[in-house]
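Chemist: I'd like to ask some things about the structure below.
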Amino acid sequence: MSSGPLAEDTLEARPEEEIWARHHAFVEENLKHNYTATLVHGVFGMTGFRLIYAPTIIPAYLYLLTGSAAAVGLGTALLQLGGTLSPILSGARVESRARILPYAITVGSLMRVMVLALALIGWFLEGRALLWATLAAFLLLGFFSGAQRVAFQMLMAKVIPLAKRGRLQGVRNMLGGGIAAGLAWVAGHYFIEQDWLGNGYATTFLFAFLLTSIGLVALQWGLNEPEAPMTRLSVPWRARFRQFGELLQHRAFRAFLFAHGFSSIARVGLPFWTIYVGERLGLSGALIGSLSLAFLAAETLSNLLWGQLGDRRGFRLVYLGALLCSLAGMVLLVMGEDALMLHAAFALLGLGFSGWMMAALTLVLEFGAHEDVPMRIALTTTVEGAVSSVGPILAGLAIAASGYVPLIVASFISLVLALGMVFWRVSEPRTNG
């Protein structure tokens with residue numbers, strides 16, 4: 001591992017301009033190497049975790065175990081709840097560290113262990129023990145996922161220049177998502193439909209674990225991390241929460257948080273749309289595979305477009321486009337009457353989800369000062385996680401009591417509110433600071 005451009009004992013002794021000049025020189029010198037390592041890690045990580053987080057396999061698995069939409073909501077909520085508090089803890093850990101790669105590898109490893117645990121639980125437990133152990137694994141998976149998201153986004157902010165992040169994410173998501181789309185189809189048609197190794201879902205989780213582990217090893221041995229040009233001092237928790245108030249003084253970032261919260265409400269519906277379509281077409285392994293393919297293929301193919309658009313015009317425009325695609329997907333989901341239209345709805349939802357995620361992950365890096373990046377990521381992830389942890393429980397209970405109409409209405413309203421907030425209140429950070 002190459003050393004950074006600065007030693008800790010010289011940080012305060014050098015003028016700020018020289019510190020940043022040496023940092024940028026190190027980034028440029030190691031850019032090709034770090035770009036490759038980040039890309040390889042992202043491709044394998046996307047491949048594995050897309051199998052877990054696509055809004056098809058996990059909801060269908062929970063529905064198989066329980067036969068209840070409310071249980072699907074509970075499982076999804078636990079997956080998100082774990083990621084609500086951990087981003088703040090993770091942001092506090094990385095904002096005062098000159099190097100964060102060791103911490104990122106640790107939380108990334110723990111996240112992958114939880115995916116392996118899902119596979120082992122599926123093979124060796126039955127009945128209530130299987131259900132409760134699966135729910136516990138979801139909670140821990142979400143916790144380490146939230147911590148990993150902060151650490152890895154901060155790593156990308158350190159080693160990849162702003163103008164190249166969109167292209168990197170586009171290529172990464174296209175390659176990883178393309179492989180994931182194919183594997184999701186295979187998982188549905190073969191692993192799940194034919195119950196490979198005695199439990200097709202467990203076999204799918206094992207493949208996800210192996211793929212994501214390859215990516216983590218590539219990052220650990222391939223990334224040359226510079227020391228942070230600026231860091232914050234470690235402060236008590238009470239002072240930490242006061243810092244959130246300071247971050248919210250940035251008007252565009254504050255508006256972005258509200259918009260992201262509204263759009264996260266709409267995202268709550270994603271796991272339930274598989275069950276919604278399954279009730280109309282018959283929920284089977286083949287349907288799970290084909291819906292996964294439609295969602296992930298659209299998500300994959302759109303990534304280069306979103307990345308190029310973001311690099312050239314800014315990621316505010318990407319966020320707006322993603323929300324419009326999600327609205328179109330919702331309209332088609334409600335109006336569609338046959339399998340082709342419903343698969344097209346999933347494709348539009350995948351198109352919107354890819355742009356939404358890419359824009360959210362990139363925009364948050366661009367508001368305000370560099371040393372505030374970890375806590376901006378943490379705050380954004382916490383807002384998203386809080387909505388996504390409470391929402392699925394309410395959605396599952398609403399579906400059990402009144403069907404899908406309340407969730408559909410809530411999704412439409414929240415998307416419209418998010419679209420209006422971004423359009424009128426969020427300025428492009430590259431041109432307006």
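Every chain in the structure tokens has a letter given in the order shown (A, B, ...), and although residue numbers restart at 1 in each chain, ligands are simply numbered from 1 in the order shown.
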What's around A:Phe258 at 12 Å? Count only C-alpha atoms, leave out sequence neighbours fewer than 3 positions away in its own chain, and write the answer as number ranges by chain.

Modeler: A: 248, 251-255, 261-265, 379-380, 383-384, 387, 414-415, 417-422, 425-426

Chemist: Would you please extract all helix (DSSP H, G or I) residues from stretch 131-298 of chain A, as assigned by DSSP on the backbone, and give them as a PyMOL selection string?

Modeler: chain A and resi 131-159+162-192+196-198+200-222+237-247+251-267+270-281+285-298

Chemist: At most 9 Å is the cut-off: for each residue in stretch 146-217 of chain A with any atom that close to an atom of stretch 30-39 of chain A, write down the nearest atom pair and the distance in Å rounded to one decimal, counting only C-alpha atoms, chain first then increasing number, as a tab-separated table.

Modeler:
residue	atom	partner	partner_atom	distance
A:Met156	CA	A:Thr38	CA	7.7
A:Val159	CA	A:Asn34	CA	6.7
A:Ile160	CA	A:Leu31	CA	6.9
A:Pro161	CA	A:Leu31	CA	8.6
A:Leu168	CA	A:Leu39	CA	6.9
A:Gln169	CA	A:Leu39	CA	8.0
A:Val171	CA	A:Leu39	CA	7.8
A:Arg172	CA	A:Leu39	CA	5.6
A:Gly215	CA	A:Ala37	CA	8.7

Chemist: Export, as a PDB file, in the first residue's frame, the selected residues with N, CA, C and O atoms.

Modeler:
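again_14.pdb was written with the following content:
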ATOM      1  N   MET A 156     -14.220   6.827  -2.269  1.00  0.00           N
ATOM      2  CA  MET A 156     -14.328   7.275  -3.651  1.00  0.00           C
ATOM      3  C   MET A 156     -14.095   8.781  -3.744  1.00  0.00           C
ATOM      4  O   MET A 156     -13.443   9.268  -4.675  1.00  0.00           O
ATOM      5  N   VAL A 159     -10.246   9.376  -3.729  1.00  0.00           N
ATOM      6  CA  VAL A 159      -9.330   8.887  -4.768  1.00  0.00           C
ATOM      7  C   VAL A 159      -9.810   9.113  -6.193  1.00  0.00           C
ATOM      8  O   VAL A 159      -9.022   8.965  -7.129  1.00  0.00           O
ATOM      9  N   ILE A 160     -11.084   9.485  -6.393  1.00  0.00           N
ATOM     10  CA  ILE A 160     -11.609   9.695  -7.747  1.00  0.00           C
ATOM     11  C   ILE A 160     -12.033  11.150  -7.898  1.00  0.00           C
ATOM     12  O   ILE A 160     -12.892  11.630  -7.160  1.00  0.00           O
ATOM     13  N   PRO A 161     -11.449  11.897  -8.847  1.00  0.00           N
ATOM     14  CA  PRO A 161     -11.840  13.302  -9.052  1.00  0.00           C
ATOM     15  C   PRO A 161     -13.318  13.427  -9.394  1.00  0.00           C
ATOM     16  O   PRO A 161     -13.921  12.525  -9.991  1.00  0.00           O
ATOM     17  N   LEU A 168     -17.302   6.508 -13.769  1.00  0.00           N
ATOM     18  CA  LEU A 168     -16.912   5.318 -13.020  1.00  0.00           C
ATOM     19  C   LEU A 168     -18.143   4.574 -12.515  1.00  0.00           C
ATOM     20  O   LEU A 168     -18.257   3.348 -12.679  1.00  0.00           O
ATOM     21  N   GLN A 169     -19.066   5.306 -11.916  1.00  0.00           N
ATOM     22  CA  GLN A 169     -20.265   4.650 -11.397  1.00  0.00           C
ATOM     23  C   GLN A 169     -21.109   4.057 -12.520  1.00  0.00           C
ATOM     24  O   GLN A 169     -21.710   2.986 -12.359  1.00  0.00           O
ATOM     25  N   VAL A 171     -20.028   2.855 -15.512  1.00  0.00           N
ATOM     26  CA  VAL A 171     -19.396   1.626 -15.993  1.00  0.00           C
ATOM     27  C   VAL A 171     -19.516   0.523 -14.937  1.00  0.00           C
ATOM     28  O   VAL A 171     -19.845  -0.631 -15.254  1.00  0.00           O
ATOM     29  N   ARG A 172     -19.261   0.876 -13.675  1.00  0.00           N
ATOM     30  CA  ARG A 172     -19.344  -0.098 -12.590  1.00  0.00           C
ATOM     31  C   ARG A 172     -20.744  -0.702 -12.508  1.00  0.00           C
ATOM     32  O   ARG A 172     -20.916  -1.928 -12.455  1.00  0.00           O
ATOM     33  N   GLY A 215     -14.791  -8.857  -4.834  1.00  0.00           N
ATOM     34  CA  GLY A 215     -14.647  -7.414  -4.969  1.00  0.00           C
ATOM     35  C   GLY A 215     -13.929  -6.780  -3.795  1.00  0.00           C
ATOM     36  O   GLY A 215     -13.099  -5.879  -3.971  1.00  0.00           O
TER      37      GLY A 215
END

Chemist: List as a list in words the protein and nucleic acid residues near stretch 136-142 of chain A, meaning an atom at most 6 Å away when only C-alpha atoms are counted, but skip any in the same chain fewer than 2 places from it.

Modeler: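 Counting only C-alpha atoms, the residues come to Leu78, Leu79, Gln80, Gly82, Gly83, Met111, Met114, Ala133, Thr134, Phe144 and Ser145 of chain A.
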
Chemist: Can you spit out the residues from that selection as a PDB file, in the first residue's frame, using all heavy atoms?

Modeler:
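The result, written out as part.pdb:
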ATOM      1  N   LEU A  78     -36.547  -4.172   8.782  1.00  0.00           N
ATOM      2  CA  LEU A  78     -35.362  -4.524   9.577  1.00  0.00           C
ATOM      3  C   LEU A  78     -34.089  -4.328   8.761  1.00  0.00           C
ATOM      4  O   LEU A  78     -33.060  -3.889   9.282  1.00  0.00           O
ATOM      5  CB  LEU A  78     -35.464  -5.966  10.062  1.00  0.00           C
ATOM      6  CG  LEU A  78     -36.509  -6.222  11.157  1.00  0.00           C
ATOM      7  CD1 LEU A  78     -36.623  -7.712  11.438  1.00  0.00           C
ATOM      8  CD2 LEU A  78     -36.148  -5.471  12.434  1.00  0.00           C
ATOM      9  N   LEU A  79     -34.148  -4.660   7.477  1.00  0.00           N
ATOM     10  CA  LEU A  79     -33.000  -4.466   6.604  1.00  0.00           C
ATOM     11  C   LEU A  79     -32.616  -2.993   6.539  1.00  0.00           C
ATOM     12  O   LEU A  79     -31.432  -2.645   6.521  1.00  0.00           O
ATOM     13  CB  LEU A  79     -33.332  -4.993   5.208  1.00  0.00           C
ATOM     14  CG  LEU A  79     -32.183  -5.235   4.227  1.00  0.00           C
ATOM     15  CD1 LEU A  79     -31.191  -6.239   4.771  1.00  0.00           C
ATOM     16  CD2 LEU A  79     -32.735  -5.715   2.890  1.00  0.00           C
ATOM     17  N   GLN A  80     -33.625  -2.120   6.537  1.00  0.00           N
ATOM     18  CA  GLN A  80     -33.361  -0.679   6.482  1.00  0.00           C
ATOM     19  C   GLN A  80     -33.061  -0.095   7.863  1.00  0.00           C
ATOM     20  O   GLN A  80     -32.267   0.836   7.988  1.00  0.00           O
ATOM     21  CB  GLN A  80     -34.561   0.049   5.872  1.00  0.00           C
ATOM     22  CG  GLN A  80     -34.880  -0.359   4.448  1.00  0.00           C
ATOM     23  CD  GLN A  80     -33.767  -0.032   3.473  1.00  0.00           C
ATOM     24  OE1 GLN A  80     -33.009   0.908   3.674  1.00  0.00           O
ATOM     25  NE2 GLN A  80     -33.653  -0.807   2.403  1.00  0.00           N
ATOM     26  N   GLY A  82     -31.433  -1.366  10.342  1.00  0.00           N
ATOM     27  CA  GLY A  82     -30.038  -1.548  10.703  1.00  0.00           C
ATOM     28  C   GLY A  82     -29.148  -0.471  10.117  1.00  0.00           C
ATOM     29  O   GLY A  82     -28.138  -0.093  10.714  1.00  0.00           O
ATOM     30  N   GLY A  83     -29.549   0.052   8.948  1.00  0.00           N
ATOM     31  CA  GLY A  83     -28.746   1.079   8.297  1.00  0.00           C
ATOM     32  C   GLY A  83     -29.116   2.492   8.669  1.00  0.00           C
ATOM     33  O   GLY A  83     -28.637   3.429   8.026  1.00  0.00           O
ATOM     34  N   MET A 111     -20.420  -7.167   6.571  1.00  0.00           N
ATOM     35  CA  MET A 111     -21.624  -7.173   5.734  1.00  0.00           C
ATOM     36  C   MET A 111     -21.713  -8.470   4.927  1.00  0.00           C
ATOM     37  O   MET A 111     -22.781  -9.090   4.818  1.00  0.00           O
ATOM     38  CB  MET A 111     -21.599  -5.967   4.805  1.00  0.00           C
ATOM     39  CG  MET A 111     -22.871  -5.793   3.990  1.00  0.00           C
ATOM     40  SD  MET A 111     -22.750  -4.336   2.912  1.00  0.00           S
ATOM     41  CE  MET A 111     -24.334  -4.434   2.068  1.00  0.00           C
ATOM     42  N   MET A 114     -22.826 -11.521   6.866  1.00  0.00           N
ATOM     43  CA  MET A 114     -24.269 -11.613   7.067  1.00  0.00           C
ATOM     44  C   MET A 114     -24.963 -12.246   5.859  1.00  0.00           C
ATOM     45  O   MET A 114     -25.958 -12.962   6.009  1.00  0.00           O
ATOM     46  CB  MET A 114     -24.843 -10.213   7.327  1.00  0.00           C
ATOM     47  CG  MET A 114     -24.468  -9.631   8.672  1.00  0.00           C
ATOM     48  SD  MET A 114     -24.994 -10.696  10.059  1.00  0.00           S
ATOM     49  CE  MET A 114     -23.415 -11.399  10.557  1.00  0.00           C
ATOM     50  N   ALA A 133     -34.242 -16.129  12.701  1.00  0.00           N
ATOM     51  CA  ALA A 133     -32.815 -15.984  12.399  1.00  0.00           C
ATOM     52  C   ALA A 133     -32.613 -15.177  11.121  1.00  0.00           C
ATOM     53  O   ALA A 133     -31.679 -14.367  11.016  1.00  0.00           O
ATOM     54  CB  ALA A 133     -32.158 -17.360  12.270  1.00  0.00           C
ATOM     55  N   THR A 134     -33.486 -15.362  10.143  1.00  0.00           N
ATOM     56  CA  THR A 134     -33.408 -14.592   8.894  1.00  0.00           C
ATOM     57  C   THR A 134     -33.647 -13.107   9.162  1.00  0.00           C
ATOM     58  O   THR A 134     -32.921 -12.242   8.651  1.00  0.00           O
ATOM     59  CB  THR A 134     -34.438 -15.114   7.880  1.00  0.00           C
ATOM     60  OG1 THR A 134     -34.147 -16.480   7.567  1.00  0.00           O
ATOM     61  CG2 THR A 134     -34.411 -14.291   6.601  1.00  0.00           C
ATOM     62  N   PHE A 144     -24.455  -3.125   8.946  1.00  0.00           N
ATOM     63  CA  PHE A 144     -23.128  -3.057   8.327  1.00  0.00           C
ATOM     64  C   PHE A 144     -23.191  -2.443   6.929  1.00  0.00           C
ATOM     65  O   PHE A 144     -22.214  -1.827   6.477  1.00  0.00           O
ATOM     66  CB  PHE A 144     -22.505  -4.451   8.275  1.00  0.00           C
ATOM     67  CG  PHE A 144     -22.211  -5.025   9.631  1.00  0.00           C
ATOM     68  CD1 PHE A 144     -22.753  -6.237  10.028  1.00  0.00           C
ATOM     69  CD2 PHE A 144     -21.409  -4.341  10.528  1.00  0.00           C
ATOM     70  CE1 PHE A 144     -22.492  -6.757  11.289  1.00  0.00           C
ATOM     71  CE2 PHE A 144     -21.149  -4.852  11.796  1.00  0.00           C
ATOM     72  CZ  PHE A 144     -21.688  -6.065  12.174  1.00  0.00           C
ATOM     73  N   SER A 145     -24.329  -2.559   6.255  1.00  0.00           N
ATOM     74  CA  SER A 145     -24.488  -1.924   4.947  1.00  0.00           C
ATOM     75  C   SER A 145     -24.452  -0.407   5.075  1.00  0.00           C
ATOM     76  O   SER A 145     -23.809   0.283   4.273  1.00  0.00           O
ATOM     77  CB  SER A 145     -25.807  -2.368   4.310  1.00  0.00           C
ATOM     78  OG  SER A 145     -26.038  -1.677   3.107  1.00  0.00           O
TER      79      SER A 145
END

Chemist: Kindly indicate which residue among A:Ala286, A:Ala398, A:Ile192, A:Leu293 lies nearest to A:Leu64, using only C-alpha atoms for the distances.

Modeler: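 Between A:Ala286, A:Ala398, A:Ile192, A:Leu293, the residue approaching A:Leu64 most closely is A:Ile192.
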
Chemist: Find the residues around A:Phe346 up to 6 Å (only C-alpha atoms counted), leave out those fewer than 3 positions away in its own chain, and share them as an MDAnalysis selection string.

Modeler: chainID A and resid 295 343 349

Chemist: Given the choices A:Ser68, A:Ser388, A:Ala147, A:Tyr201, which gets closest to A:His260 if the distance is worked out from only C-alpha atoms?

Modeler: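 Of the candidates, the smallest distance to A:His260 is held by A:Ser388.
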
Chemist: Got a sec: who's within 9 Å of A:Gly178, counting only C-alpha atoms, leaving out chain neighbours fewer than 6 positions off, as a PyMOL selection string?

Modeler: chain A and resi 47+296-297+299-301

Chemist: If you take only C-alpha atoms and a cut-off of 12 Å, which residues of stretch 123-210 of chain A touch stretch 216-220 of chain A, and what are their nearest atom pairs and distances in Å to one decimal, in chain and number order, as a Markdown table?

Modeler:
| residue | atom | partner | partner_atom | distance |
| --- | --- | --- | --- | --- |
| A:Gln148 | CA | A:Leu216 | CA | 11.3 |
| A:Phe152 | CA | A:Leu219 | CA | 10.2 |
| A:Leu155 | CA | A:Leu219 | CA | 10.6 |
| A:Met156 | CA | A:Leu219 | CA | 11.3 |
| A:Phe209 | CA | A:Leu216 | CA | 10.7 |
| A:Leu210 | CA | A:Leu216 | CA | 10.2 |
